[in-house]
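Structure, as structure tokens:
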Amino acid sequence: MQYASLREEIAAHVISLFRQHPVPGLLYHNLEHTCQVVRHSEEIALHYHLTPDEQFIVIAAAWFHDTGHLIGDMKQHEEQGCVLMRRFLEEKQVPAYMLQKIAGCIMATQYPPHPCSLPEEIICDADTYHFGTSYFKITDELVRQELEIRLHFRFTSWHHDTLTLLQKHRFFTDYCRLLLEAGKQQNIEYLQKKIITDQN
């Protein structure tokens with residue numbers, strides 16, 4: 001398989017999907033987030049020297065992992081993303097076993113994540129990479145605004161809920177644990193301070 005050219009086709013296709021199916025209120029789960037997950041997937045995959053097949057599986061999954069938000073209900077977006085992925089890659093004659101592994105990576109990002117292989121661990125960590133960076137302070141607010149718009153619901157304990165999320169979260173790869181755990185702890189402390197401020 002010509003992975004380089006196929007990856008370019010996948011990128012162009014997913015970018016086109018986001019442009020053709022604009023979803024009002026998609027403030028976080030948008031093309032920018034997808035591109036960041038692709039970039040972080042490439043970064044982590046490079047560290048682990050994955051085989052060409054594994055690299056393709058991870059990057060293809062990263063491109064498609066949130067496309068389901070464009071065509072269906074938020075709660076089933078992983079399944080819908082798999083549908084879009086299969087529809088496109090079957091036409092490109094990607095073998096069935098690879099489609100299954102790509103689907104496995106997409107489904108592994110479903111909360112709570114339960115990755116069963118290194119490629120699945122990589123995409124899970126790429127998807128939550130921002131938990132360990134200063135960018136989290138921006139993404140956390142974007143997620144809140146998006147959910148309130150899409151669910152027609154106003155969160156009254158958002159910082160507390162997000163704190164619980166971060167405290168329960170774990171990075172699966174050694175690479176991300178070493179790189180991002182300290183930053184995640186800083187974000188936990190940031191949320192703890194926000195909660196105190198909210199209470200005053």
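Convention: chains lettered A, B, ... in structure tokens order; per-chain residue numbering from 1; ligands numbered from 1 as shown.
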Go through segment 71-147 of chain A residue by residue and, counting only C-alpha atoms, keep those with an atom at most 8 Å from segment 157-170 of chain A; for each kept residue give the shortest atom pair and its distance in Å to one decimal, ordered by chain and increasing number, as CSV.
residue,atom,partner,partner_atom,distance
A:Phe131,CA,A:Leu166,CA,7.3
A:Asp140,CA,A:Thr162,CA,7.9
A:Arg144,CA,A:Trp158,CA,7.4
For the selection just defined, write its residues with C-alpha atoms to a file, as a PDB file, in the first residue's frame.
ATOM      1  CA  PHE A 131      -4.858  17.469  29.774  1.00  0.00           C
ATOM      2  CA  ASP A 140     -11.817  23.113  29.098  1.00  0.00           C
ATOM      3  CA  ARG A 144     -18.080  23.437  28.468  1.00  0.00           C
TER       4      ARG A 144
END
Mind checking which residues fall within 10 Å of Ala108 of chain A, counting only C-alpha atoms, ignoring those fewer than 2 positions away in the same chain, and posting them as a ChimeraX atom specification? /A:65,78,102-106,110-117,119-124
Include C-alpha atoms and write out the residues we just selected as an mmCIF file, in the first residue's frame.
data_model
loop_
_atom_site.group_PDB
_atom_site.id
_atom_site.type_symbol
_atom_site.label_atom_id
_atom_site.label_comp_id
_atom_site.auth_asym_id
_atom_site.auth_seq_id
_atom_site.Cartn_x
_atom_site.Cartn_y
_atom_site.Cartn_z
ATOM 1 C CA HIS A 65 -12.094 9.633 15.409
ATOM 2 C CA GLU A 78 -17.402 6.891 17.715
ATOM 3 C CA ILE A 102 -8.603 1.372 12.787
ATOM 4 C CA ALA A 103 -12.135 0.945 14.118
ATOM 5 C CA GLY A 104 -10.678 -0.488 17.318
ATOM 6 C CA CYS A 105 -8.560 2.630 17.771
ATOM 7 C CA ILE A 106 -11.538 4.919 17.173
ATOM 8 C CA GLN A 110 -14.893 6.208 23.894
ATOM 9 C CA TYR A 111 -15.160 7.321 27.525
ATOM 10 C CA PRO A 112 -14.023 5.694 29.696
ATOM 11 C CA PRO A 113 -11.202 4.502 27.434
ATOM 12 C CA HIS A 114 -10.078 0.872 27.491
ATOM 13 C CA PRO A 115 -7.257 0.515 24.952
ATOM 14 C CA CYS A 116 -6.103 -3.045 24.281
ATOM 15 C CA SER A 117 -3.011 -2.416 22.132
ATOM 16 C CA PRO A 119 -1.882 1.829 18.749
ATOM 17 C CA GLU A 120 -5.092 2.165 20.777
ATOM 18 C CA GLU A 121 -3.127 3.555 23.726
ATOM 19 C CA ILE A 122 -1.443 6.067 21.442
ATOM 20 C CA ILE A 123 -4.652 7.529 20.058
ATOM 21 C CA CYS A 124 -6.226 7.670 23.520
#
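One finds atom CA of Pro22 of chain A at 29.0 Å from atom CA of Met98 of chain A.
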In terms of the shortest atom-to-atom distance over only C-alpha atoms, which of A:Ile188, A:Thr109, A:Gln76, A:Ala11 is closest to Phe172 of chain A? A:Thr109
Record the distance separating atom CA of Gln20 of chain A and atom CA of Glu42 of chain A, expressed in Å with one decimal. 25.9 Å
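From atom CA of Leu46 of chain A back to atom CA of His33 of chain A, the distance works out to 19.9 Å.
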Residue neighbourhood Asp66 of chain A, 10 Å, only C-alpha atoms, exclusion window fewer than 3 positions, as a PDB file with N, CA and C atoms, in the first residue's frame:
ATOM      1  N   VAL A  14     -11.265  14.117   5.181  1.00  0.00           N
ATOM      2  CA  VAL A  14     -11.797  14.520   6.485  1.00  0.00           C
ATOM      3  C   VAL A  14     -11.948  16.043   6.551  1.00  0.00           C
ATOM      4  N   HIS A  29     -14.864  19.876  19.418  1.00  0.00           N
ATOM      5  CA  HIS A  29     -14.707  18.668  18.596  1.00  0.00           C
ATOM      6  C   HIS A  29     -14.783  19.039  17.109  1.00  0.00           C
ATOM      7  N   ASN A  30     -13.843  19.844  16.684  1.00  0.00           N
ATOM      8  CA  ASN A  30     -13.851  20.385  15.331  1.00  0.00           C
ATOM      9  C   ASN A  30     -12.579  19.995  14.584  1.00  0.00           C
ATOM     10  N   LEU A  31     -12.372  20.601  13.424  1.00  0.00           N
ATOM     11  CA  LEU A  31     -11.216  20.242  12.604  1.00  0.00           C
ATOM     12  C   LEU A  31      -9.906  20.590  13.300  1.00  0.00           C
ATOM     13  N   HIS A  33      -9.208  20.507  16.521  1.00  0.00           N
ATOM     14  CA  HIS A  33      -8.919  19.434  17.474  1.00  0.00           C
ATOM     15  C   HIS A  33      -8.446  18.178  16.747  1.00  0.00           C
ATOM     16  N   THR A  34      -9.109  17.834  15.654  1.00  0.00           N
ATOM     17  CA  THR A  34      -8.721  16.647  14.883  1.00  0.00           C
ATOM     18  C   THR A  34      -7.278  16.758  14.419  1.00  0.00           C
ATOM     19  N   VAL A  37      -4.928  16.120  17.267  1.00  0.00           N
ATOM     20  CA  VAL A  37      -4.849  14.695  17.625  1.00  0.00           C
ATOM     21  C   VAL A  37      -3.983  13.953  16.607  1.00  0.00           C
ATOM     22  N   ALA A  61      -7.054   6.490  12.156  1.00  0.00           N
ATOM     23  CA  ALA A  61      -8.015   6.586  13.256  1.00  0.00           C
ATOM     24  C   ALA A  61      -8.071   7.996  13.822  1.00  0.00           C
ATOM     25  N   ALA A  62      -6.915   8.637  13.920  1.00  0.00           N
ATOM     26  CA  ALA A  62      -6.878  10.002  14.446  1.00  0.00           C
ATOM     27  C   ALA A  62      -7.689  10.949  13.564  1.00  0.00           C
ATOM     28  N   TRP A  63      -7.568  10.798  12.251  1.00  0.00           N
ATOM     29  CA  TRP A  63      -8.326  11.648  11.339  1.00  0.00           C
ATOM     30  C   TRP A  63      -9.834  11.435  11.481  1.00  0.00           C
ATOM     31  N   HIS A  69     -19.306  13.199  14.956  1.00  0.00           N
ATOM     32  CA  HIS A  69     -20.037  14.365  15.443  1.00  0.00           C
ATOM     33  C   HIS A  69     -20.749  15.092  14.301  1.00  0.00           C
ATOM     34  N   LEU A  70     -20.282  14.893  13.080  1.00  0.00           N
ATOM     35  CA  LEU A  70     -20.819  15.624  11.933  1.00  0.00           C
ATOM     36  C   LEU A  70     -22.116  15.026  11.400  1.00  0.00           C
ATOM     37  N   MET A  74     -24.230  12.793  19.516  1.00  0.00           N
ATOM     38  CA  MET A  74     -22.941  12.910  20.186  1.00  0.00           C
ATOM     39  C   MET A  74     -22.567  11.623  20.921  1.00  0.00           C
ATOM     40  N   HIS A  77     -20.967   8.976  18.567  1.00  0.00           N
ATOM     41  CA  HIS A  77     -20.118   9.543  17.518  1.00  0.00           C
ATOM     42  C   HIS A  77     -18.951   8.629  17.144  1.00  0.00           C
ATOM     43  N   GLU A  78     -18.488   7.808  18.076  1.00  0.00           N
ATOM     44  CA  GLU A  78     -17.402   6.891  17.715  1.00  0.00           C
ATOM     45  C   GLU A  78     -17.874   5.872  16.674  1.00  0.00           C
ATOM     46  N   GLU A  79     -19.060   5.299  16.904  1.00  0.00           N
ATOM     47  CA  GLU A  79     -19.606   4.337  15.942  1.00  0.00           C
ATOM     48  C   GLU A  79     -19.822   4.984  14.577  1.00  0.00           C
ATOM     49  N   GLN A  80     -20.334   6.213  14.587  1.00  0.00           N
ATOM     50  CA  GLN A  80     -20.560   6.922  13.329  1.00  0.00           C
ATOM     51  C   GLN A  80     -19.247   7.238  12.634  1.00  0.00           C
ATOM     52  N   GLY A  81     -18.226   7.546  13.411  1.00  0.00           N
ATOM     53  CA  GLY A  81     -16.900   7.783  12.834  1.00  0.00           C
ATOM     54  C   GLY A  81     -16.358   6.539  12.142  1.00  0.00           C
ATOM     55  N   CYS A  82     -16.629   5.371  12.748  1.00  0.00           N
ATOM     56  CA  CYS A  82     -16.211   4.102  12.129  1.00  0.00           C
ATOM     57  C   CYS A  82     -16.945   3.878  10.808  1.00  0.00           C
ATOM     58  N   ILE A 106     -10.495   3.892  17.026  1.00  0.00           N
ATOM     59  CA  ILE A 106     -11.538   4.919  17.173  1.00  0.00           C
ATOM     60  C   ILE A 106     -12.407   4.611  18.394  1.00  0.00           C
ATOM     61  N   THR A 109     -11.282   5.405  22.036  1.00  0.00           N
ATOM     62  CA  THR A 109     -11.367   6.765  22.574  1.00  0.00           C
ATOM     63  C   THR A 109     -12.688   7.022  23.291  1.00  0.00           C
ATOM     64  N   ASP A 127      -5.614  11.967  22.107  1.00  0.00           N
ATOM     65  CA  ASP A 127      -6.918  12.617  22.243  1.00  0.00           C
ATOM     66  C   ASP A 127      -7.003  13.441  23.526  1.00  0.00           C
TER      67      ASP A 127
END
Pick the closest to Leu147 of chain A from A:Thr173, A:Lys75, A:Ala4, A:Gln100: which is it, counting only C-alpha atoms? A:Lys75
Could you write out, as a PyMOL selection string, all the residues of segment 13-92 of chain A that DSSP marks as alpha helix (DSSP H)? chain A and resi 13-20+31-47+52-64+77-91
Residue neighbourhood Asn187 of chain A, 10 Å, only C-alpha atoms, exclusion window fewer than 6 positions, as an mmCIF file with C-alpha atoms, in the first residue's frame:
data_model
loop_
_atom_site.group_PDB
_atom_site.id
_atom_site.type_symbol
_atom_site.label_atom_id
_atom_site.label_comp_id
_atom_site.auth_asym_id
_atom_site.auth_seq_id
_atom_site.Cartn_x
_atom_site.Cartn_y
_atom_site.Cartn_z
ATOM 1 C CA HIS A 130 -4.085 18.672 26.235
ATOM 2 C CA PHE A 131 -4.858 17.469 29.774
ATOM 3 C CA GLY A 132 -1.126 17.811 30.428
ATOM 4 C CA THR A 133 -0.517 21.174 28.750
ATOM 5 C CA SER A 134 -1.332 24.814 29.472
ATOM 6 C CA TYR A 135 -3.732 24.673 26.499
ATOM 7 C CA PHE A 136 -6.112 22.771 28.781
ATOM 8 C CA LYS A 137 -7.307 26.066 30.278
ATOM 9 C CA LEU A 163 -11.395 18.071 38.342
ATOM 10 C CA LEU A 166 -8.579 14.760 35.464
ATOM 11 C CA GLU A 181 1.870 14.106 34.078
ATOM 12 C CA LYS A 193 -8.181 27.031 42.850
#
Counting only C-alpha atoms, which residue out of A:Phe18, A:Tyr129, A:Phe155, A:Tyr3 sits closest to Phe56 of chain A?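 Once distances to Phe56 of chain A are computed over only C-alpha atoms, the minimum belongs to A:Tyr3.
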